[in-house]
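J.: target-v4.txt is the file, holding compact mmCIF, C-alpha atoms:
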```
# COMPACT_ATOMS: atom_id res chain seq x y z
CA MET X 598 33.01 8.74 -42.66
CA PRO X 599 32.64 7.37 -39.11
CA THR X 600 30.20 9.10 -36.79
CA VAL X 601 31.06 10.12 -33.24
CA SER X 602 28.44 10.52 -30.52
CA PHE X 603 28.71 13.15 -27.79
CA THR X 604 26.66 13.86 -24.72
CA THR X 605 25.63 17.48 -24.61
CA SER X 606 24.75 17.94 -20.95
CA GLY X 607 25.86 21.35 -19.79
CA ALA X 608 28.11 23.97 -21.36
CA LEU X 609 31.05 21.61 -21.77
CA GLY X 610 28.98 19.13 -23.80
CA LYS X 611 27.62 21.85 -26.09
CA SER X 612 31.08 23.32 -26.56
CA ALA X 613 32.49 19.90 -27.44
CA LEU X 614 29.70 19.27 -29.93
CA ARG X 615 30.24 22.62 -31.61
CA GLN X 616 33.96 21.99 -31.82
CA ALA X 617 33.32 18.53 -33.25
CA ASN X 618 31.04 19.95 -35.94
CA GLU X 619 33.48 22.75 -36.77
CA ARG X 620 36.23 20.22 -37.34
CA LEU X 621 33.85 18.10 -39.39
CA VAL X 622 33.18 21.04 -41.69
CA LEU X 623 36.83 22.07 -41.77
CA ASN X 624 37.93 18.57 -42.70
CA ALA X 625 35.33 18.37 -45.46
CA ILE X 626 36.87 21.51 -46.95
CA ARG X 627 40.37 20.03 -46.60
CA ARG X 628 39.37 16.85 -48.39
CA GLU X 629 37.48 18.65 -51.17
CA PRO X 630 38.92 22.13 -51.83
CA GLY X 631 36.30 24.28 -53.52
CA ILE X 632 33.38 22.46 -51.89
CA SER X 633 30.13 24.43 -51.50
CA ARG X 634 28.00 24.86 -48.41
CA ALA X 635 25.33 22.61 -49.88
CA GLU X 636 27.91 19.90 -50.61
CA ILE X 637 29.21 20.16 -47.03
CA GLY X 638 25.69 19.48 -45.82
CA ARG X 639 25.39 16.42 -48.03
CA THR X 640 28.85 15.15 -47.05
CA THR X 641 28.54 15.66 -43.30
CA GLY X 642 24.80 15.19 -42.77
CA LEU X 643 24.60 18.55 -40.97
CA ALA X 644 21.53 20.72 -41.38
CA ARG X 645 21.75 23.74 -43.69
CA THR X 646 21.40 26.20 -40.82
CA SER X 647 24.19 24.43 -38.91
CA VAL X 648 26.50 24.54 -41.93
CA THR X 649 25.83 28.26 -42.36
CA PHE X 650 26.55 28.97 -38.70
CA LEU X 651 29.74 26.88 -38.69
CA VAL X 652 31.08 28.24 -41.98
CA ASN X 653 30.50 31.79 -40.78
CA ARG X 654 32.48 31.04 -37.62
CA LEU X 655 35.35 29.60 -39.68
CA LEU X 656 35.29 32.65 -41.95
CA HIS X 657 35.40 34.92 -38.90
CA GLU X 658 38.37 32.96 -37.51
CA LYS X 659 40.07 33.33 -40.92
CA LEU X 660 40.49 29.58 -41.23
CA VAL X 661 38.63 29.47 -44.57
CA VAL X 662 37.84 31.81 -47.45
CA GLU X 663 34.77 31.77 -49.66
CA ASP X 664 34.61 32.77 -53.32
CA LYS X 665 31.63 33.14 -55.63
CA VAL X 666 31.42 30.59 -58.43
CA ASP X 667 30.71 31.94 -61.91
CA SER X 668 27.85 29.69 -63.00
CA GLY X 669 26.99 31.69 -66.12
CA PRO X 670 23.94 33.67 -67.18
CA ALA X 671 21.63 30.69 -66.78
CA ALA X 672 22.14 30.54 -63.02
CA SER X 673 18.94 30.33 -61.05
CA ALA X 674 17.77 33.14 -58.84
CA GLY X 675 18.79 33.18 -55.21
CA ARG X 676 22.08 33.03 -53.35
CA PRO X 677 24.93 32.52 -55.87
CA PRO X 678 26.95 29.32 -55.34
CA THR X 679 30.28 29.70 -53.55
CA SER X 680 33.37 27.59 -53.05
CA LEU X 681 35.28 27.20 -49.80
CA GLN X 682 39.02 26.84 -49.39
CA LEU X 683 41.28 26.50 -46.36
CA VAL X 684 43.55 29.38 -45.46
CA ALA X 685 46.50 27.02 -45.45
CA GLY X 686 48.82 29.22 -43.42
CA ALA X 687 46.28 29.95 -40.70
CA ARG X 688 47.62 27.06 -38.63
CA LEU X 689 50.91 25.21 -38.80
CA ALA X 690 52.29 21.89 -37.58
CA VAL X 691 55.80 20.64 -36.89
CA GLY X 692 56.95 17.18 -37.93
CA VAL X 693 60.18 15.69 -36.58
CA GLN X 694 62.06 12.62 -37.76
CA VAL X 695 64.70 11.21 -35.41
CA SER X 696 67.18 8.78 -36.95
CA ARG X 697 70.89 8.22 -36.89
CA SER X 698 71.25 8.72 -40.64
CA ARG X 699 68.91 11.69 -41.18
CA SER X 700 67.11 13.75 -38.55
CA ARG X 701 64.92 16.68 -39.59
CA ALA X 702 62.35 19.16 -38.35
CA MET X 703 59.77 20.44 -40.81
CA LEU X 704 57.04 23.07 -40.54
CA VAL X 705 53.94 22.45 -42.69
CA ASP X 706 50.67 24.27 -43.25
CA LEU X 707 47.14 22.90 -42.95
CA VAL X 708 47.29 21.09 -46.29
CA GLY X 709 50.70 19.57 -45.52
CA ALA X 710 52.78 21.85 -47.74
CA LYS X 711 56.30 22.46 -46.46
CA VAL X 712 56.95 25.92 -45.04
CA ALA X 713 60.45 25.41 -43.59
CA GLU X 714 62.83 22.53 -42.86
CA ARG X 715 66.04 22.03 -40.92
CA GLU X 716 68.43 19.09 -40.63
CA ILE X 717 69.72 18.07 -37.19
CA ALA X 718 73.24 16.74 -36.93
CA TRP X 719 73.37 13.42 -35.12
CA HIS X 720 75.06 13.06 -31.74
CA SER X 721 75.23 9.81 -29.77
CA ASP X 722 74.57 11.63 -26.48
CA PRO X 723 70.76 12.03 -26.27
CA ALA X 724 71.04 15.22 -24.20
CA VAL X 725 73.19 16.92 -26.83
CA PHE X 726 71.04 15.71 -29.71
CA LEU X 727 67.80 16.84 -28.06
CA GLN X 728 69.26 20.30 -27.46
CA ARG X 729 70.00 20.48 -31.18
CA LEU X 730 66.51 19.25 -31.97
CA ALA X 731 64.86 21.88 -29.78
CA ALA X 732 66.97 24.58 -31.46
CA ALA X 733 65.92 23.32 -34.91
CA ILE X 734 62.24 23.42 -33.94
CA ARG X 735 62.61 26.97 -32.64
CA ASP X 736 64.33 27.84 -35.91
CA VAL X 737 61.61 26.49 -38.22
CA THR X 738 58.86 28.15 -36.18
CA ALA X 739 60.63 31.53 -35.92
CA GLY X 740 58.50 34.41 -37.16
CA HIS X 741 55.19 32.62 -36.57
CA ALA X 742 52.82 33.36 -33.72
CA SER X 743 52.75 30.68 -31.06
CA ARG X 744 48.97 30.24 -31.48
CA GLN X 745 49.50 29.30 -35.13
CA ILE X 746 51.48 26.20 -34.11
CA LEU X 747 49.14 23.26 -33.50
CA GLY X 748 51.79 21.01 -32.03
CA ILE X 749 54.82 18.87 -32.74
CA GLY X 750 54.66 15.32 -34.09
CA ILE X 751 57.80 13.35 -33.30
CA SER X 752 58.79 10.12 -35.02
CA LEU X 753 60.95 7.77 -32.98
CA PRO X 754 62.26 4.32 -33.88
CA GLY X 755 61.95 1.27 -31.67
CA THR X 756 59.64 0.74 -28.70
CA ILE X 757 58.30 3.94 -27.15
CA ASP X 758 55.90 5.12 -24.46
CA LYS X 759 53.80 7.42 -26.63
CA ALA X 760 51.97 9.14 -23.79
CA ALA X 761 55.19 10.26 -22.10
CA GLY X 762 57.42 10.48 -25.17
CA ARG X 763 59.91 8.08 -23.64
CA VAL X 764 62.11 5.81 -25.74
CA ILE X 765 62.02 2.45 -24.01
CA GLY X 766 64.44 0.85 -26.43
CA ALA X 767 65.76 1.99 -29.81
CA GLU X 768 68.71 -0.26 -30.59
CA GLY X 769 69.48 1.58 -33.83
CA LEU X 770 70.00 4.82 -31.93
CA GLY X 771 71.59 3.23 -28.88
CA TRP X 772 68.85 4.88 -26.77
CA PHE X 773 67.25 3.14 -23.79
CA ASN X 774 64.91 4.85 -21.28
CA VAL X 775 65.42 8.28 -22.82
CA ASP X 776 62.77 10.83 -21.77
CA VAL X 777 62.47 12.73 -25.04
CA GLY X 778 59.17 14.39 -24.14
CA GLU X 779 60.28 15.59 -20.71
CA THR X 780 63.53 16.99 -22.10
CA LEU X 781 61.93 18.86 -25.01
CA ALA X 782 59.11 20.22 -22.84
CA ARG X 783 61.70 22.27 -20.93
CA HIS X 784 62.49 24.20 -24.12
CA LEU X 785 59.28 24.21 -26.20
CA PRO X 786 55.77 25.49 -25.36
CA TRP X 787 53.72 23.30 -27.71
CA ARG X 788 51.96 20.01 -27.19
CA MET X 789 53.92 17.02 -28.50
CA TYR X 790 52.66 13.81 -30.07
CA PHE X 791 54.88 10.72 -30.28
CA GLU X 792 54.67 7.66 -32.49
CA ASN X 793 56.81 4.89 -33.93
CA ASP X 794 58.44 5.79 -37.24
CA ALA X 795 56.98 2.94 -39.31
CA ASN X 796 53.47 3.68 -38.01
CA LEU X 797 53.86 7.29 -39.09
CA ALA X 798 55.03 6.27 -42.55
CA ALA X 799 51.82 4.24 -42.81
CA LEU X 800 49.81 7.24 -41.62
CA ALA X 801 51.41 9.45 -44.30
CA GLU X 802 50.23 7.05 -46.99
CA GLN X 803 46.67 7.49 -45.74
CA TRP X 804 46.57 11.16 -44.80
CA TYR X 805 48.08 12.59 -47.99
CA LEU X 806 45.82 10.71 -50.38
CA PRO X 807 45.64 11.92 -53.98
CA ALA X 808 42.30 13.41 -54.95
CA GLY X 809 39.74 10.71 -55.59
CA ALA X 810 41.89 7.89 -54.20
CA GLU X 811 40.23 5.29 -51.99
CA PRO X 812 41.98 4.71 -48.64
CA LEU X 813 43.28 1.25 -47.84
CA ARG X 814 41.95 -0.38 -44.68
CA TYR X 815 44.32 -3.36 -44.48
CA PHE X 816 47.95 -2.84 -45.39
CA VAL X 817 51.53 -3.13 -44.19
CA TYR X 818 54.12 -0.41 -44.70
CA ILE X 819 57.72 -1.68 -44.71
CA GLN X 820 60.61 0.68 -44.20
CA ALA X 821 64.19 -0.51 -44.15
CA GLU X 822 66.21 2.55 -43.19
CA GLY X 823 67.97 2.32 -39.85
CA GLY X 824 66.74 -1.25 -39.42
CA LEU X 825 63.51 -2.81 -40.63
CA GLY X 826 60.22 -1.48 -39.33
CA THR X 827 56.62 -2.25 -40.20
CA GLY X 828 53.52 -0.14 -39.80
CA VAL X 829 50.41 -2.32 -39.84
CA VAL X 830 46.90 -1.01 -40.48
CA VAL X 831 44.10 -3.48 -39.68
CA ASP X 832 40.50 -2.48 -40.41
CA GLY X 833 41.60 1.14 -40.69
CA ARG X 834 43.45 1.14 -37.36
CA VAL X 835 47.17 1.36 -36.76
CA LEU X 836 48.04 -1.77 -34.80
CA HIS X 837 49.72 -0.91 -31.48
CA GLY X 838 49.30 -3.87 -29.13
CA ALA X 839 48.87 -3.88 -25.36
CA ALA X 840 52.20 -2.16 -24.69
CA SER X 841 52.44 -0.27 -28.01
CA ALA X 842 55.12 -2.72 -29.12
CA SER X 843 53.23 -4.81 -31.67
CA ALA X 844 54.02 -5.28 -35.37
CA GLU X 845 57.79 -5.42 -34.83
CA PHE X 846 58.04 -7.79 -37.76
CA GLY X 847 61.65 -6.81 -38.34
CA HIS X 848 62.44 -9.03 -35.35
CA VAL X 849 60.49 -12.05 -36.53
CA MET X 850 62.98 -14.90 -36.70
CA LEU X 851 63.74 -16.35 -40.14
CA ASP X 852 66.70 -18.52 -39.12
CA PRO X 853 67.16 -19.75 -35.51
CA GLU X 854 70.88 -20.26 -36.12
CA GLY X 855 71.26 -17.08 -38.17
CA ARG X 856 73.04 -13.82 -37.69
CA PRO X 857 72.96 -12.29 -34.20
CA CYS X 858 70.60 -9.34 -33.98
CA ARG X 859 70.98 -6.23 -31.84
CA CYS X 860 67.68 -7.18 -30.15
CA GLY X 861 69.45 -10.18 -28.55
CA ASN X 862 67.93 -12.86 -30.79
CA ARG X 863 69.40 -14.53 -33.88
CA GLY X 864 68.23 -14.69 -37.47
CA CYS X 865 65.79 -11.74 -37.37
CA TRP X 866 64.34 -10.55 -40.68
CA GLU X 867 66.05 -7.19 -40.15
CA GLN X 868 69.46 -8.86 -40.39
CA TYR X 869 68.80 -9.91 -43.98
CA ALA X 870 66.48 -7.32 -45.53
CA SER X 871 67.31 -3.90 -44.02
CA ASP X 872 69.55 -1.13 -45.32
CA THR X 873 72.41 -2.40 -43.16
CA ALA X 874 71.90 -5.87 -44.67
CA LEU X 875 72.11 -4.35 -48.14
CA LEU X 876 75.43 -2.71 -47.26
CA ARG X 877 76.73 -5.96 -45.79
CA HIS X 878 75.70 -7.93 -48.89
CA TYR X 879 77.40 -5.31 -51.04
CA ALA X 880 80.67 -5.53 -49.13
CA ALA X 881 80.55 -9.36 -49.10
CA ALA X 882 80.12 -9.41 -52.87
CA GLY X 883 83.27 -7.35 -53.38
CA GLY X 884 82.06 -3.78 -52.97
CA GLU X 885 83.49 -1.22 -50.60
CA THR X 886 82.37 -0.87 -47.00
CA LEU X 887 79.95 2.03 -46.70
CA ALA X 888 78.50 3.85 -43.70
CA PRO X 889 74.87 3.07 -42.77
CA GLU X 890 73.55 6.32 -44.22
CA HIS X 891 74.78 5.38 -47.72
CA ALA X 892 72.39 2.54 -48.54
CA LEU X 893 70.90 4.60 -51.37
CA THR X 894 74.39 4.85 -52.86
CA VAL X 895 74.24 1.11 -53.51
CA VAL X 896 70.82 1.56 -55.12
CA GLU X 897 72.14 4.34 -57.35
CA ARG X 898 75.11 2.20 -58.39
CA ALA X 899 72.83 -0.73 -59.18
CA GLN X 900 70.67 1.53 -61.32
CA ALA X 901 73.80 2.74 -63.13
CA GLY X 902 74.74 -0.85 -64.05
CA ASP X 903 77.18 -1.81 -61.28
CA ALA X 904 77.01 -5.63 -61.22
CA ILE X 905 78.11 -5.96 -57.58
CA ALA X 906 75.56 -3.42 -56.38
CA ARG X 907 72.81 -5.07 -58.43
CA HIS X 908 73.67 -8.52 -57.01
CA ALA X 909 73.57 -7.16 -53.44
CA LEU X 910 70.28 -5.37 -54.03
CA LEU X 911 68.56 -8.42 -55.52
CA GLU X 912 69.87 -10.68 -52.73
CA THR X 913 68.46 -8.30 -50.13
CA ALA X 914 65.16 -8.07 -52.03
CA ARG X 915 64.82 -11.87 -51.98
CA TRP X 916 65.12 -11.86 -48.19
CA LEU X 917 62.58 -9.05 -48.07
CA ALA X 918 60.18 -11.23 -50.05
CA LEU X 919 60.61 -14.13 -47.60
CA GLY X 920 59.45 -11.93 -44.76
CA ILE X 921 56.54 -10.63 -46.82
CA VAL X 922 55.38 -14.23 -47.26
CA ASN X 923 54.89 -14.40 -43.49
CA LEU X 924 53.06 -11.05 -43.42
CA VAL X 925 50.61 -12.21 -46.08
CA ALA X 926 49.94 -15.48 -44.25
CA VAL X 927 49.32 -13.76 -40.90
CA LEU X 928 47.57 -10.52 -41.89
CA ASN X 929 45.93 -11.05 -45.31
CA PRO X 930 46.51 -7.40 -46.28
CA GLN X 931 45.14 -5.52 -49.27
CA ALA X 932 48.58 -4.11 -49.96
CA ILE X 933 52.23 -4.22 -49.04
CA ILE X 934 53.79 -0.77 -49.42
CA LEU X 935 57.56 -0.54 -49.69
CA GLY X 936 59.44 2.43 -48.27
CA GLU X 937 63.12 3.20 -48.65
CA PRO X 938 65.51 2.01 -49.91
CA TYR X 939 63.18 -0.27 -51.88
CA ALA X 940 60.94 2.57 -53.09
CA SER X 941 63.92 4.14 -54.87
CA ALA X 942 64.97 0.73 -56.23
CA TRP X 943 61.45 -0.24 -57.33
CA ASP X 944 62.24 -0.80 -61.02
CA LEU X 945 64.98 -3.28 -60.08
CA VAL X 946 63.39 -5.13 -57.17
CA HIS X 947 59.65 -5.46 -57.72
CA ASN X 948 59.93 -8.31 -60.23
CA ILE X 949 62.20 -10.40 -58.00
CA ILE X 950 59.91 -9.84 -55.01
CA GLU X 951 56.79 -10.74 -56.99
CA GLU X 952 58.49 -13.85 -58.36
CA GLU X 953 59.38 -15.04 -54.86
CA LEU X 954 55.84 -14.39 -53.62
CA ARG X 955 54.36 -16.39 -56.51
CA ARG X 956 56.64 -19.30 -55.62
CA ARG X 957 55.58 -19.40 -51.98
CA ILE X 958 52.01 -18.09 -51.69
CA PRO X 959 48.88 -19.75 -53.14
CA ALA X 960 47.45 -17.92 -56.13
CA TYR X 961 44.14 -17.31 -54.37
CA SER X 962 45.97 -15.41 -51.62
CA LEU X 963 47.85 -13.28 -54.14
CA SER X 964 44.99 -12.42 -56.47
CA ALA X 965 43.88 -9.34 -54.55
CA LEU X 966 47.25 -8.33 -53.07
CA GLN X 967 48.82 -5.06 -54.21
CA LEU X 968 52.58 -4.64 -54.00
CA ARG X 969 53.57 -1.04 -54.48
CA ARG X 970 56.14 1.54 -53.53
CA SER X 971 55.52 4.41 -51.16
CA ARG X 972 54.17 7.61 -52.65
CA GLU X 973 56.07 9.59 -50.02
CA GLY X 974 59.46 7.87 -50.35
CA ARG X 975 62.11 9.31 -48.05
CA GLU X 976 59.63 11.91 -46.80
CA ALA X 977 57.14 9.34 -45.47
CA THR X 978 58.14 9.30 -41.80
CA LEU X 979 58.68 13.06 -41.56
CA ARG X 980 55.40 13.90 -43.29
CA GLY X 981 53.67 11.28 -41.20
CA ALA X 982 54.89 13.03 -38.05
CA ALA X 983 53.33 16.28 -39.27
CA ALA X 984 50.17 14.39 -40.26
CA LEU X 985 49.87 13.11 -36.69
CA VAL X 986 49.37 16.70 -35.53
CA LEU X 987 47.09 17.63 -38.43
CA ALA X 988 44.96 14.53 -37.87
CA GLY X 989 44.49 15.49 -34.25
CA TYR X 990 43.44 19.00 -35.23
CA PHE X 991 41.02 18.10 -38.00
CA THR X 992 39.39 15.04 -36.53
CA SER X 993 39.69 14.97 -32.74
CA PHE X 994 39.27 17.00 -29.59
CA ASP X 995 41.13 17.75 -26.40
CA HIS X 996 39.01 15.40 -24.23
CA MET X 997 39.47 12.43 -26.58
CA ARG X 998 42.39 10.04 -26.26
CA HIS X 999 41.85 8.04 -29.45
CA HIS X 1000 41.53 9.98 -32.67
CA SER X 1001 39.47 8.55 -35.52
CA LEU X 1002 40.46 9.85 -38.94
CA PRO X 1003 37.76 10.36 -41.58
CA ASN X 1004 39.53 7.96 -43.92
CA GLY X 1005 39.42 5.22 -41.32
CA VAL X 1006 42.84 5.34 -39.65
CA VAL X 1007 42.95 5.65 -35.88
CA VAL X 1008 45.96 7.20 -34.17
CA GLN X 1009 46.69 7.71 -30.50
CA ALA X 1010 47.98 10.91 -28.93
CA ASN X 1011 48.85 12.11 -25.47
CA PRO X 1012 46.02 11.98 -22.91
```
Using the file provided, produce a representation of the structure as structure tokens.
T.:
Amino acid sequence: MPTVSFTTSGALGKSALRQANERLVLNAIRREPGISRAEIGRTTGLARTSVTFLVNRLLHEKLVVEDKVDSGPAASAGRPPTSLQLVAGARLAVGVQVSRSRSRAMLVDLVGAKVAEREIAWHSDPAVFLQRLAAAIRDVTAGHASRQILGIGISLPGTIDKAAGRVIGAEGLGWFNVDVGETLARHLPWRMYFENDANLAALAEQWYLPAGAEPLRYFVYIQAEGGLGTGVVVDGRVLHGAASASAEFGHVMLDPEGRPCRCGNRGCWEQYASDTALLRHYAAAGGETLAPEHALTVVERAQAGDAIARHALLETARWLALGIVNLVAVLNPQAIILGEPYASAWDLVHNIIEEELRRRIPAYSLSALQLRRSREGREATLRGAAALVLAGYFTSFDHMRHHSLPNGVVVQANP
């Protein structure tokens, strides 16, 4: 777990240090439900008296509960051992996914369990859509005290100004210079956090780790719904770039004379390996023309034995593999994680992708590479948006701009 240093001059410094240590203890309990006070001390490095003081504060604030552990008749004399658990519903976070095919608002508790969810019908006019979004957020938070809500994490595709919540350019939505944050702030009282959708899908893979799982520090998350996006984690940090527009590998050119792309270039990877490419390949092979939101229909048909759907899916997967070859050469990741629609099609596509990688990448570069599907599937971006808020609460503080997660991922929130 990374350490953070604070100056403690004056009341503000002491308050910040106490808050930092409280969150350290709280996060230890989140990561290991049932942990004891002694184990918290060993995990965090805090003194026993500090752990006692902090745990008592958290008990008083009703953020945790403590139960005695039955250690049997042979237990030694002294204070009986206890286990600590989060009061999951004590605080709540909102996650929002904005996409043309499926937009949703979800309320989760401190451990990420879903409390409520609403779908938002798409509208091409940003003003109308954002009114619907604000109404959906009010709906999922209805009945909960405002102080319970930690904030709203909002996933947006394309290039965004995260500090202001402004969409600079999202070709898939047809949005350019849309002030999402300013518009929503007129209707909602909570702090908002904004991030690119593929980055949030990568965050979800790290934040919701199964018990005992080791976090990856170098990986690429590929999602191919509504275009082709990549979330890149390098040395435990989500890669943003100078203008928060890095890692747009969907617009890396594979063919200079290829298909025109909505970004203005030609032959971008997105044009051959995204969900829209899958639908185009399906129609070209003799299948019907389907709307963009029905890419998974092609996957389902391929799984049911439809020869045309299977041909289209494998053709798209081959193009996906060609782009992955470039990712491996540039980034040397531990893992490539596939989101939708490839996560749902895993049984059909992983062999063809691995075969293409073996053809084009030296064996020594492949020996340690993991290729796997997303654990979160279609929920990755939405749950990642909620995780953005939870990560800020558990591991960072109001005066800090960059938030360092205990499992190594660094996210960025509003100043």
J.: Which distance in Å separates CA of Ala982 (chain X) and CA of Glu619 (chain X), to one decimal?
T.: 23.5 Å
J.: Between CA of Thr992 (chain X) and CA of Leu623 (chain X), what is the distance, to one decimal in Å?
T.: 9.1 Å
J.: Would you compute the distance between CA of Ala901 (chain X) and CA of Ala942 (chain X)? Give it in Å to one decimal.
T.: 11.4 Å
J.: Between X:Gly826, X:Gly861, X:Pro930, X:Gly920, single out the one closest to Arg957 (chain X), counting all atoms listed in the file.
T.: X:Gly920
J.: Neighbours of region 963-966 of chain X within 10 Å (all atoms listed in the file; same-chain residues fewer than 3 positions away dropped), as a list in words?
T.: Phe816, Val925, Asn929, Pro930, Gln931, Ala932, Ile933, Glu951, Leu954, Arg955, Ile958, Pro959, Ala960 and Arg969 of chain X
J.: Measuring atom to atom with only C-alpha atoms, identify which of X:Arg634, X:Arg834, X:Arg788, X:Arg715 is nearest to Gln803 (chain X).
T.: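 Going through X:Arg634, X:Arg834, X:Arg788, X:Arg715 one by one, the smallest distance to Gln803 (chain X) is for X:Arg834.
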J.: I'd like to know which of X:Glu636, X:Arg735, X:Trp804, X:Gly766 is closest to Leu785 (chain X), using all atoms listed in the file.
T.: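 Checking each of X:Glu636, X:Arg735, X:Trp804, X:Gly766 against Leu785 (chain X), counting all atoms listed in the file, the winner is X:Arg735.
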